Every structure is written in C-alpha cells, then in structure tokens.
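Worksheet for the structure shown next.
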Amino acid sequence: MTQQFNDSPLTLAGQTFHSRLLVGTGKYKDMQETGEAIAASGAEIVTFAVRRTNLGQDAEGPNLLDVVPPSRYTLLPNTAGCYTAKDAVRTCRLARELLDGHKLVKLEVLGDETTLYPNVMETLKAAETLLADGFDVMVYTSDDPIVARELEAMGCCAIMPLGSLIGSGHGIQNPHNLRLIVEQSRVPVLVDAGIGTASDAAMAMEMGCDGVLLNSAIAHAREPLRMARAMQLAVQAGRDAFLSGRMPRRQSAEPSSPFAGRING
C-alpha cells in the first residue's frame with residue numbers, strides 16, 4: 001500500500017490547486033499536441049499569451065479553448081510581448097473581456113526583444129494600475145529580492161522570479177537570490193522562465209518555491225508528452241524533498257550502517 005503524505009494545496013487569489021506545476025501553451029506543433037502535453041503534465045493552471053492566442057476571435061482558426069477547456073483548467077492570461085505598462089494593462093483588460101470578467105492574470109513587461117528580461121519600472125507601474133482595477137496579479141520579475149518585496153507589498157498574489165532567461169533552458173542561475181525571495185515572501189513564489197529539464201524544476205521546489213511555470217522545456221523536448229510527465233514528477237519529488245528536510249552536509253564520511261551490534265567474523 002502506497003503511503004499518503006499530507007501537504008497543503010497551492011493557494012492563489014483564494015483558489016486552491018493540487019498541482020504545483022503551471023504550463024504554457026506556445027511552441028507546440030499543433031493544438032492536439034498542446035492539449036495532450038498539458039494533460040500529461042497534470043497541471044491545473046494553464047497560461048497563454050493573450051495577444052497571440054485565438055480564443056474564438058477567429059472563428060476559422062484553431063481555438064485554444066477546444067483543447068484547454070475552462071471547465072477543466074484555470075486559465076491564466078499573460079501579457080507576453082508587452083514592453084510598456086500601458087500595453088500590459090490594455091492586454092489584461094482585453095483578456096477580462098474575452099473571458100467574461102476573469103481577474104487572475106500573469107503580468108510580464110519585457111525590457112527588450114534580445115533578452116526578454118523584465119522591465120522592472122514598467123512592471124511596477126502596470127501592477128499598480130491592474131491591482132487598482134481589481135485584477136489578481138501574478139507577476140514575472142527579476143530575481144531581485146527588493147523588487148519582489150515591493151511587488152508583494154503592493155498586493156500581487158504571487159511573485160514569479162526568473163530562473164534564467166525566457167526560453168534559454170539554463171535552469172536556476174542565481175539560487176542565492178531565489179532563496180532570499182522565498183525566505184522573505186508571504187505570498188507564493190513560483191519560478192518562471194529558464195527551466196530546461198526535470199532536475200531544474202526539482203531544484204526550484206527543493207529550495208522552497210511554491211511552484212514552477214514552464215513551457216519551452218516541454219514543447220521543445222524530443223518527446224513533449226514524456227517530458228510533461230517528467231516535469232510533473234519532478235515538481236512532486238522536489239516538493240516532498242523540501243517538506244521532508246534534507247540530511248545535513250558533512251565534511252567527513254559517515255557509515256550508513258552502525259558499528260554497534262555488528263557481527264564479527
């Protein structure tokens with residue numbers, strides 16, 4: 001019989017989720033693969049770029065909602081491709097119209113097309129406007145603990161520092177800063193961007209992050225469905241490892257079998 005271990009659910013803006021893996025919808029070969037990979041990941045929250053996704057605006061084109069139905073998933077509109085606070089706010093308001101008053105959004109305001117690094121100043125401005133307008137804001141940001149603290153103080157419901165550059169697959173490049181953000185935050189912290197493989201996702205969870213958001217790592221894998229399952233298991237394993245508490249590191253060896261009571265030949 002498999003042992004069952006208790007864990008509190010992930011809570012975002014008053015909603016609870018059992019999966020701590022969030023996935024995106026871009027870069028798959030077609031809608032069928034998109035739906036199959038998302039299902040294989042076990043994710044409950046699915047993010048999509050509002051400006052690049054057909055939710056029925058084009059009656060003739062493939063509709064994301066056909067493979068990611070709102071009855072099964074919580075949709076998380078994001079502002080990918082926005083480079084100013086004004087554009088990001090406009091995009092979130094468009095998503096709210098398209099999704100009948102949907103309030104939960106992922107805010108990202110990028111600095112340039114080369115690095116896709118967050119523009120912190122524009123992010124702060126957009127967050128302030130969106131929060132005043134009644135949105136629940138999950139926010140993509142740099143791994144700066146001070147910026148993360150400011151965004152939380154403003155009222156963002158989740159802080160999403162990058163692990164490394166979007167789509168790079170380099171994993172977590174600055175674990176020290178990420179730990180500082182995790183330690184100081186009272187809202188969920190989710191690593192967003194840069195995850196390349198399952199060990200990266202597990203590392204984020206072992207550090208105490210509340211979740212991981214990824215897209216390219218699955219969509220660009222040779223076998224996306226298999227990688228989706230790997231990410232699901234990695235996030236679960238990392239979470240269990242964090243909750244169980246790792247053994248202390250030692251400077252010298254210590255036998256795993258005790259000397260006391262041993263049988264001497």
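Simple scheme: letters A, B, ... for chains in structure tokens order, numbers from 1 for residues in each chain, numbers from 1 for ligands in the order shown.
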
May I have the residues within 12 Å of Asn215 (chain A) as a CSV table (one decimal) with N, CA, C and O atoms, in the first residue's frame, using only C-alpha atoms and disregarding those fewer than 4 positions away in the same chain?
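The resulting result20.csv:
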```csv
chain,number,residue,atom,x,y,z
A,21,LEU,N,2.6,22.6,-10.7
A,21,LEU,CA,3.2,22.8,-12.0
A,21,LEU,C,2.3,23.6,-12.8
A,21,LEU,O,1.1,23.2,-13.0
A,22,LEU,N,2.7,24.7,-13.3
A,22,LEU,CA,1.9,25.5,-14.3
A,22,LEU,C,2.6,25.5,-15.6
A,22,LEU,O,3.8,25.5,-15.7
A,23,VAL,N,1.8,25.4,-16.7
A,23,VAL,CA,2.4,25.2,-18.0
A,23,VAL,C,1.8,26.2,-19.0
A,23,VAL,O,0.7,26.7,-18.8
A,24,GLY,N,2.6,26.4,-20.1
A,24,GLY,CA,2.1,27.3,-21.1
A,24,GLY,C,1.6,26.6,-22.3
A,24,GLY,O,1.6,25.3,-22.3
A,25,THR,N,1.3,27.3,-23.3
A,25,THR,CA,0.6,26.7,-24.5
A,25,THR,C,1.3,27.0,-25.8
A,25,THR,O,0.9,26.5,-26.9
A,26,GLY,N,2.4,27.6,-25.8
A,26,GLY,CA,3.1,28.0,-27.0
A,26,GLY,C,4.1,27.0,-27.5
A,26,GLY,O,4.5,26.1,-26.8
A,27,LYS,N,4.5,27.1,-28.8
A,27,LYS,CA,5.6,26.4,-29.4
A,27,LYS,C,5.3,24.9,-29.7
A,27,LYS,O,6.3,24.2,-30.1
A,28,TYR,N,4.1,24.4,-29.5
A,28,TYR,CA,3.8,23.0,-29.9
A,28,TYR,C,3.6,22.9,-31.4
A,28,TYR,O,3.2,23.9,-32.0
A,34,THR,N,-0.6,20.2,-28.0
A,34,THR,CA,-0.7,21.2,-26.9
A,34,THR,C,-1.6,20.5,-25.8
A,34,THR,O,-1.3,20.5,-24.7
A,37,ALA,N,0.0,17.3,-24.2
A,37,ALA,CA,1.1,17.6,-23.3
A,37,ALA,C,0.6,18.2,-22.0
A,37,ALA,O,1.1,17.9,-20.9
A,38,ILE,N,-0.3,19.1,-22.1
A,38,ILE,CA,-0.9,19.7,-20.9
A,38,ILE,C,-1.5,18.7,-20.0
A,38,ILE,O,-1.3,18.7,-18.8
A,41,SER,N,1.0,16.6,-18.2
A,41,SER,CA,1.7,17.3,-17.1
A,41,SER,C,1.0,17.3,-15.8
A,41,SER,O,1.6,17.6,-14.7
A,43,ALA,N,-1.0,19.5,-14.9
A,43,ALA,CA,-1.2,20.9,-14.5
A,43,ALA,C,-2.7,21.3,-14.4
A,43,ALA,O,-3.5,20.8,-15.2
A,46,VAL,N,-3.1,26.9,-16.7
A,46,VAL,CA,-2.5,26.9,-18.0
A,46,VAL,C,-2.5,28.4,-18.4
A,46,VAL,O,-3.5,29.1,-18.5
A,47,THR,N,-1.3,28.9,-18.8
A,47,THR,CA,-1.1,30.3,-19.2
A,47,THR,C,-1.0,30.4,-20.7
A,47,THR,O,-0.5,29.5,-21.4
A,48,PHE,N,-1.4,31.5,-21.2
A,48,PHE,CA,-1.4,31.7,-22.6
A,48,PHE,C,-1.2,33.2,-22.9
A,48,PHE,O,-1.6,34.1,-22.1
A,49,ALA,N,-0.5,33.5,-24.0
A,49,ALA,CA,-0.3,34.9,-24.4
A,49,ALA,C,-1.6,35.5,-25.1
A,49,ALA,O,-2.0,35.0,-26.1
A,166,ILE,N,14.1,33.7,-20.4
A,166,ILE,CA,13.0,33.0,-21.0
A,166,ILE,C,13.4,32.2,-22.2
A,166,ILE,O,14.1,32.6,-23.1
A,167,GLY,N,13.1,30.9,-22.2
A,167,GLY,CA,13.4,30.0,-23.3
A,167,GLY,C,14.8,29.5,-23.4
A,167,GLY,O,15.1,28.8,-24.3
A,168,SER,N,15.6,29.9,-22.4
A,168,SER,CA,17.1,29.6,-22.5
A,168,SER,C,17.4,28.2,-22.1
A,168,SER,O,18.3,27.6,-22.5
A,169,GLY,N,16.6,27.6,-21.2
A,169,GLY,CA,16.8,26.3,-20.7
A,169,GLY,C,18.0,26.2,-19.8
A,169,GLY,O,18.6,25.1,-19.5
A,192,ASP,N,9.7,31.2,-12.8
A,192,ASP,CA,9.1,31.4,-14.1
A,192,ASP,C,10.2,31.7,-15.1
A,192,ASP,O,10.9,32.8,-14.9
A,193,ALA,N,10.5,30.9,-16.0
A,193,ALA,CA,11.4,31.1,-17.1
A,193,ALA,C,12.8,30.5,-16.8
A,193,ALA,O,13.3,30.5,-15.7
A,194,GLY,N,13.3,29.8,-17.9
A,194,GLY,CA,14.6,29.3,-17.8
A,194,GLY,C,14.7,27.8,-17.5
A,194,GLY,O,15.8,27.2,-17.6
A,195,ILE,N,13.6,27.2,-17.0
A,195,ILE,CA,13.7,25.8,-16.7
A,195,ILE,C,13.9,25.0,-18.0
A,195,ILE,O,13.2,25.2,-19.0
A,196,GLY,N,14.9,24.0,-17.9
A,196,GLY,CA,15.3,23.3,-19.1
A,196,GLY,C,14.9,21.8,-19.0
A,196,GLY,O,14.6,21.2,-20.0
A,197,THR,N,15.0,21.3,-17.8
A,197,THR,CA,14.8,19.8,-17.7
A,197,THR,C,14.2,19.6,-16.2
A,197,THR,O,14.1,20.5,-15.4
A,201,ALA,N,13.4,21.8,-12.3
A,201,ALA,CA,12.2,22.0,-11.7
A,201,ALA,C,12.3,21.5,-10.2
A,201,ALA,O,11.8,22.1,-9.3
A,219,ALA,N,7.6,21.8,-24.6
A,219,ALA,CA,7.3,22.0,-26.1
A,219,ALA,C,8.5,21.7,-27.0
A,219,ALA,O,8.3,21.2,-28.1
A,220,HIS,N,9.7,22.0,-26.5
A,220,HIS,CA,10.9,21.8,-27.3
A,220,HIS,C,11.6,20.4,-27.1
A,220,HIS,O,12.6,20.2,-27.7
A,221,ALA,N,11.1,19.6,-26.2
A,221,ALA,CA,11.6,18.3,-25.9
A,221,ALA,C,11.4,17.4,-27.1
A,221,ALA,O,10.5,17.6,-27.9
A,224,PRO,N,7.6,15.6,-26.2
A,224,PRO,CA,6.9,16.5,-25.3
A,224,PRO,C,6.0,15.9,-24.2
A,224,PRO,O,6.0,16.3,-23.0
A,227,MET,N,8.2,14.4,-21.5
A,227,MET,CA,8.8,15.4,-20.7
A,227,MET,C,7.8,16.0,-19.8
A,227,MET,O,8.1,16.4,-18.7
A,228,ALA,N,6.5,16.2,-20.3
A,228,ALA,CA,5.5,16.7,-19.4
A,228,ALA,C,5.3,15.9,-18.2
A,228,ALA,O,5.1,16.4,-17.1
A,231,MET,N,8.2,16.4,-15.8
A,231,MET,CA,8.1,17.7,-15.1
A,231,MET,C,7.1,17.5,-13.9
A,231,MET,O,7.3,18.1,-12.8
```

Spatial neighbours of Thr129 (chain A), max dist 9 Å, only C-alpha atoms, sep filter under 5 positions, as a PyMOL selection string: chain A and resi 85+89+124+134

Take the residues from that selection and put them in a file with N, CA, C and O atoms, as a JSON list (two decimals), in the first residue's frame.
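The resulting out05.json:
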```json
[["chain", "number", "residue", "atom", "x", "y", "z"],
["A", 85, "ALA", "N", 4.02, 49.43, -19.65],
["A", 85, "ALA", "CA", 2.93, 49.22, -18.70],
["A", 85, "ALA", "C", 1.58, 49.43, -19.37],
["A", 85, "ALA", "O", 0.62, 48.69, -19.13],
["A", 89, "VAL", "N", -1.42, 46.62, -19.40],
["A", 89, "VAL", "CA", -2.73, 46.88, -18.80],
["A", 89, "VAL", "C", -3.83, 46.69, -19.84],
["A", 89, "VAL", "O", -4.87, 46.06, -19.56],
["A", 124, "LEU", "N", 6.29, 47.52, -12.29],
["A", 124, "LEU", "CA", 5.73, 48.13, -11.07],
["A", 124, "LEU", "C", 4.55, 49.05, -11.42],
["A", 124, "LEU", "O", 3.52, 49.04, -10.74],
["A", 134, "GLY", "N", -8.80, 45.96, -9.88],
["A", 134, "GLY", "CA", -9.46, 44.75, -9.39],
["A", 134, "GLY", "C", -8.90, 43.45, -9.89],
["A", 134, "GLY", "O", -9.50, 42.38, -9.64]]
```

Contacts of Met138 (chain A) within 6 Å, only C-alpha atoms, excl. fewer than 6 positions in-chain, as a list in words: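 The residues that qualify are Lys106, Cys156, Cys157 and Ala158 of chain A.
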
For those residues, write N, CA and C atoms to a file as an mmCIF file, in the first residue's frame.
```
data_model
loop_
_atom_site.group_PDB
_atom_site.id
_atom_site.type_symbol
_atom_site.label_atom_id
_atom_site.label_comp_id
_atom_site.auth_asym_id
_atom_site.auth_seq_id
_atom_site.Cartn_x
_atom_site.Cartn_y
_atom_site.Cartn_z
ATOM 1 N N LYS A 106 -1.321 36.905 -15.397
ATOM 2 C CA LYS A 106 0.124 36.893 -15.202
ATOM 3 C C LYS A 106 0.700 38.105 -15.920
ATOM 4 N N CYS A 156 0.379 42.072 -5.074
ATOM 5 C CA CYS A 156 0.428 40.965 -6.039
ATOM 6 C C CYS A 156 0.233 39.646 -5.303
ATOM 7 N N CYS A 157 -0.503 38.732 -5.914
ATOM 8 C CA CYS A 157 -0.854 37.488 -5.219
ATOM 9 C C CYS A 157 0.186 36.395 -5.404
ATOM 10 N N ALA A 158 1.150 36.588 -6.276
ATOM 11 C CA ALA A 158 2.257 35.643 -6.439
ATOM 12 C C ALA A 158 3.430 36.359 -7.081
#
```

Straight-line distance linking CA of Asn54 (chain A) with CA of Val212 (chain A), stated in Å to one decimal: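 Between CA of Asn54 (chain A) and CA of Val212 (chain A) the gap works out to 24.9 Å.
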
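Ranking A:Leu243, A:Ala126, A:Ala202, A:Asn174 by their shortest atom-to-atom distance to Ser142 (chain A), with only C-alpha atoms included, puts A:Asn174 first.
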
Nearest to Leu64 (chain A) by atom-to-atom distance, counting only C-alpha atoms, from A:Pro9, A:Pro255, A:Pro77, A:Gly238: A:Pro77

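Neighbours of Arg93 (chain A) closer than or equal to 10 Å, with only C-alpha atoms counted and sequence neighbours fewer than 6 positions away skipped, come out as Asp87, Leu99, Gly101, His102, Lys103, Val105, Leu130, Asp133 and Phe135 of chain A.
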
DSSP-assigned strand (DSSP E or B) among region 50-214 of chain A, expressed as a list of chain:residue names: A:Thr74, A:Leu75, A:Leu76, A:Pro77, A:Asn78, A:Leu104, A:Val105, A:Lys106, A:Leu107, A:Leu110, A:Pro118, A:Asp136, A:Val137, A:Met138, A:Val139, A:Tyr140, A:Thr141, A:Ala158, A:Ile159, A:Met160, A:Pro161, A:Val189, A:Leu190, A:Val191, A:Asp192, A:Gly211, A:Val212, A:Leu213, A:Leu214

Among listed residues A:Gly61, A:Gly208, A:Pro161, A:Gly42, nearest Leu107 (chain A) (using only C-alpha atoms):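 Under the stated criterion, the closest residue is A:Pro161.
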
Which of region 42-173 of chain A DSSP labels alpha helix (DSSP H), written as JSON, numbers by chain: {"A": [85, 86, 87, 88, 89, 90, 91, 92, 93, 94, 95, 96, 97, 98, 120, 121, 122, 123, 124, 125, 126, 127, 128, 129, 130, 131, 132, 145, 146, 147, 148, 149, 150, 151, 152, 153, 154]}

File of the preceding selection, N, CA, C and O atoms, as a compact mmCIF listing (two decimals), in the first residue's frame:
```txt
# COMPACT_ATOMS: atom_id res chain seq x y z
N ALA A 85 4.02 49.43 -19.65
CA ALA A 85 2.93 49.22 -18.70
C ALA A 85 1.58 49.43 -19.37
O ALA A 85 0.62 48.69 -19.13
N LYS A 86 1.50 50.42 -20.23
CA LYS A 86 0.25 50.74 -20.91
C LYS A 86 -0.24 49.55 -21.74
O LYS A 86 -1.42 49.18 -21.68
N ASP A 87 0.65 48.93 -22.50
CA ASP A 87 0.27 47.79 -23.31
C ASP A 87 -0.14 46.60 -22.45
O ASP A 87 -1.07 45.87 -22.78
N ALA A 88 0.58 46.39 -21.35
CA ALA A 88 0.27 45.26 -20.47
C ALA A 88 -1.11 45.43 -19.84
O ALA A 88 -1.89 44.48 -19.77
N VAL A 89 -1.42 46.62 -19.40
CA VAL A 89 -2.73 46.88 -18.80
C VAL A 89 -3.83 46.69 -19.84
O VAL A 89 -4.87 46.06 -19.56
N ARG A 90 -3.62 47.21 -21.03
CA ARG A 90 -4.61 47.06 -22.10
C ARG A 90 -4.83 45.57 -22.41
O ARG A 90 -5.97 45.13 -22.61
N THR A 91 -3.78 44.80 -22.43
CA THR A 91 -3.88 43.37 -22.73
C THR A 91 -4.66 42.62 -21.66
O THR A 91 -5.49 41.76 -21.96
N CYS A 92 -4.43 42.94 -20.40
CA CYS A 92 -5.18 42.30 -19.31
C CYS A 92 -6.66 42.65 -19.38
O CYS A 92 -7.52 41.79 -19.12
N ARG A 93 -6.95 43.88 -19.72
CA ARG A 93 -8.36 44.27 -19.84
C ARG A 93 -9.03 43.56 -21.01
O ARG A 93 -10.21 43.19 -20.93
N LEU A 94 -8.30 43.35 -22.08
CA LEU A 94 -8.83 42.58 -23.21
C LEU A 94 -9.12 41.15 -22.79
O LEU A 94 -10.17 40.59 -23.13
N ALA A 95 -8.21 40.54 -22.02
CA ALA A 95 -8.42 39.17 -21.55
C ALA A 95 -9.66 39.09 -20.67
O ALA A 95 -10.43 38.13 -20.74
N ARG A 96 -9.86 40.10 -19.84
CA ARG A 96 -11.04 40.11 -18.97
C ARG A 96 -12.32 40.15 -19.79
O ARG A 96 -13.31 39.48 -19.45
N GLU A 97 -12.31 40.88 -20.89
CA GLU A 97 -13.48 40.93 -21.77
C GLU A 97 -13.70 39.59 -22.47
O GLU A 97 -14.82 39.09 -22.55
N LEU A 98 -12.63 39.00 -22.97
CA LEU A 98 -12.74 37.74 -23.71
C LEU A 98 -13.18 36.59 -22.81
O LEU A 98 -13.84 35.64 -23.27
N VAL A 120 11.61 46.28 -14.89
CA VAL A 120 11.09 46.37 -13.53
C VAL A 120 10.25 47.63 -13.32
O VAL A 120 9.18 47.59 -12.71
N MET A 121 10.70 48.75 -13.84
CA MET A 121 9.97 50.00 -13.63
C MET A 121 8.58 49.94 -14.27
O MET A 121 7.58 50.32 -13.67
N GLU A 122 8.51 49.43 -15.50
CA GLU A 122 7.22 49.32 -16.17
C GLU A 122 6.35 48.25 -15.51
O GLU A 122 5.12 48.38 -15.45
N THR A 123 6.97 47.21 -15.00
CA THR A 123 6.22 46.16 -14.29
C THR A 123 5.56 46.73 -13.05
O THR A 123 4.38 46.46 -12.76
N LEU A 124 6.29 47.52 -12.29
CA LEU A 124 5.73 48.13 -11.07
C LEU A 124 4.55 49.05 -11.42
O LEU A 124 3.52 49.04 -10.74
N LYS A 125 4.70 49.83 -12.49
CA LYS A 125 3.61 50.74 -12.89
C LYS A 125 2.38 49.95 -13.32
O LYS A 125 1.25 50.29 -12.94
N ALA A 126 2.59 48.90 -14.11
CA ALA A 126 1.47 48.10 -14.57
C ALA A 126 0.77 47.40 -13.42
O ALA A 126 -0.47 47.33 -13.35
N ALA A 127 1.55 46.86 -12.50
CA ALA A 127 0.98 46.17 -11.34
C ALA A 127 0.10 47.11 -10.53
O ALA A 127 -1.00 46.74 -10.10
N GLU A 128 0.57 48.32 -10.31
CA GLU A 128 -0.20 49.28 -9.53
C GLU A 128 -1.55 49.56 -10.19
O GLU A 128 -2.60 49.59 -9.53
N THR A 129 -1.55 49.75 -11.50
CA THR A 129 -2.79 50.03 -12.22
C THR A 129 -3.73 48.84 -12.20
O THR A 129 -4.94 48.98 -11.96
N LEU A 130 -3.20 47.65 -12.45
CA LEU A 130 -4.03 46.46 -12.50
C LEU A 130 -4.65 46.13 -11.14
O LEU A 130 -5.82 45.75 -11.05
N LEU A 131 -3.87 46.27 -10.10
CA LEU A 131 -4.39 46.00 -8.76
C LEU A 131 -5.51 46.98 -8.40
O LEU A 131 -6.53 46.59 -7.83
N ALA A 132 -5.34 48.23 -8.77
CA ALA A 132 -6.38 49.23 -8.51
C ALA A 132 -7.64 48.95 -9.32
O ALA A 132 -8.74 49.33 -8.93
N PRO A 145 15.50 40.59 -4.70
CA PRO A 145 14.64 40.46 -3.53
C PRO A 145 13.91 41.76 -3.16
O PRO A 145 12.79 41.72 -2.64
N ILE A 146 14.54 42.90 -3.42
CA ILE A 146 13.91 44.18 -3.07
C ILE A 146 12.70 44.44 -3.97
O ILE A 146 11.64 44.85 -3.51
N VAL A 147 12.86 44.19 -5.25
CA VAL A 147 11.74 44.35 -6.18
C VAL A 147 10.62 43.38 -5.82
O VAL A 147 9.44 43.74 -5.82
N ALA A 148 10.98 42.14 -5.50
CA ALA A 148 9.97 41.16 -5.11
C ALA A 148 9.20 41.62 -3.88
O ALA A 148 7.97 41.47 -3.82
N ARG A 149 9.89 42.21 -2.94
CA ARG A 149 9.24 42.71 -1.72
C ARG A 149 8.27 43.84 -2.05
O ARG A 149 7.17 43.92 -1.49
N GLU A 150 8.67 44.74 -2.95
CA GLU A 150 7.80 45.84 -3.34
C GLU A 150 6.53 45.34 -4.03
O GLU A 150 5.43 45.83 -3.77
N LEU A 151 6.69 44.38 -4.92
CA LEU A 151 5.52 43.84 -5.63
C LEU A 151 4.56 43.14 -4.68
O LEU A 151 3.34 43.25 -4.81
N GLU A 152 5.11 42.43 -3.72
CA GLU A 152 4.24 41.80 -2.71
C GLU A 152 3.53 42.85 -1.88
O GLU A 152 2.32 42.74 -1.61
N ALA A 153 4.26 43.89 -1.45
CA ALA A 153 3.66 44.95 -0.63
C ALA A 153 2.54 45.67 -1.38
O ALA A 153 1.57 46.12 -0.77
N MET A 154 2.65 45.76 -2.70
CA MET A 154 1.61 46.41 -3.49
C MET A 154 0.32 45.59 -3.52
O MET A 154 -0.76 46.12 -3.74
```

Atomic distance CA of Arg186 (chain A) - CA of Leu104 (chain A), expressed in Å with one decimal: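 One can read the CA of Arg186 (chain A) to CA of Leu104 (chain A) distance as 18.4 Å.
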
Top pick for closest residue to Pro188 (chain A), considering A:Phe5, A:Met31, A:Arg239, A:Leu12 and counting only C-alpha atoms: A:Leu12

Residue nearest Glu44 (chain A) among A:Thr114, A:Asn6, A:Asn63, A:Ser71 (counting only C-alpha atoms):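 Nearest candidate to Glu44 (chain A) out of A:Thr114, A:Asn6, A:Asn63, A:Ser71: A:Ser71.
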
Atomic separation - CA of Leu225 (chain A) relative to CA of Leu190 (chain A), Å: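 Here the two named atoms are 22.4 Å from each other.
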
Using only C-alpha atoms: which of A:Phe242, A:Tyr73, A:Tyr83, A:Tyr117 has the shortest distance to Asp143 (chain A): A:Tyr117
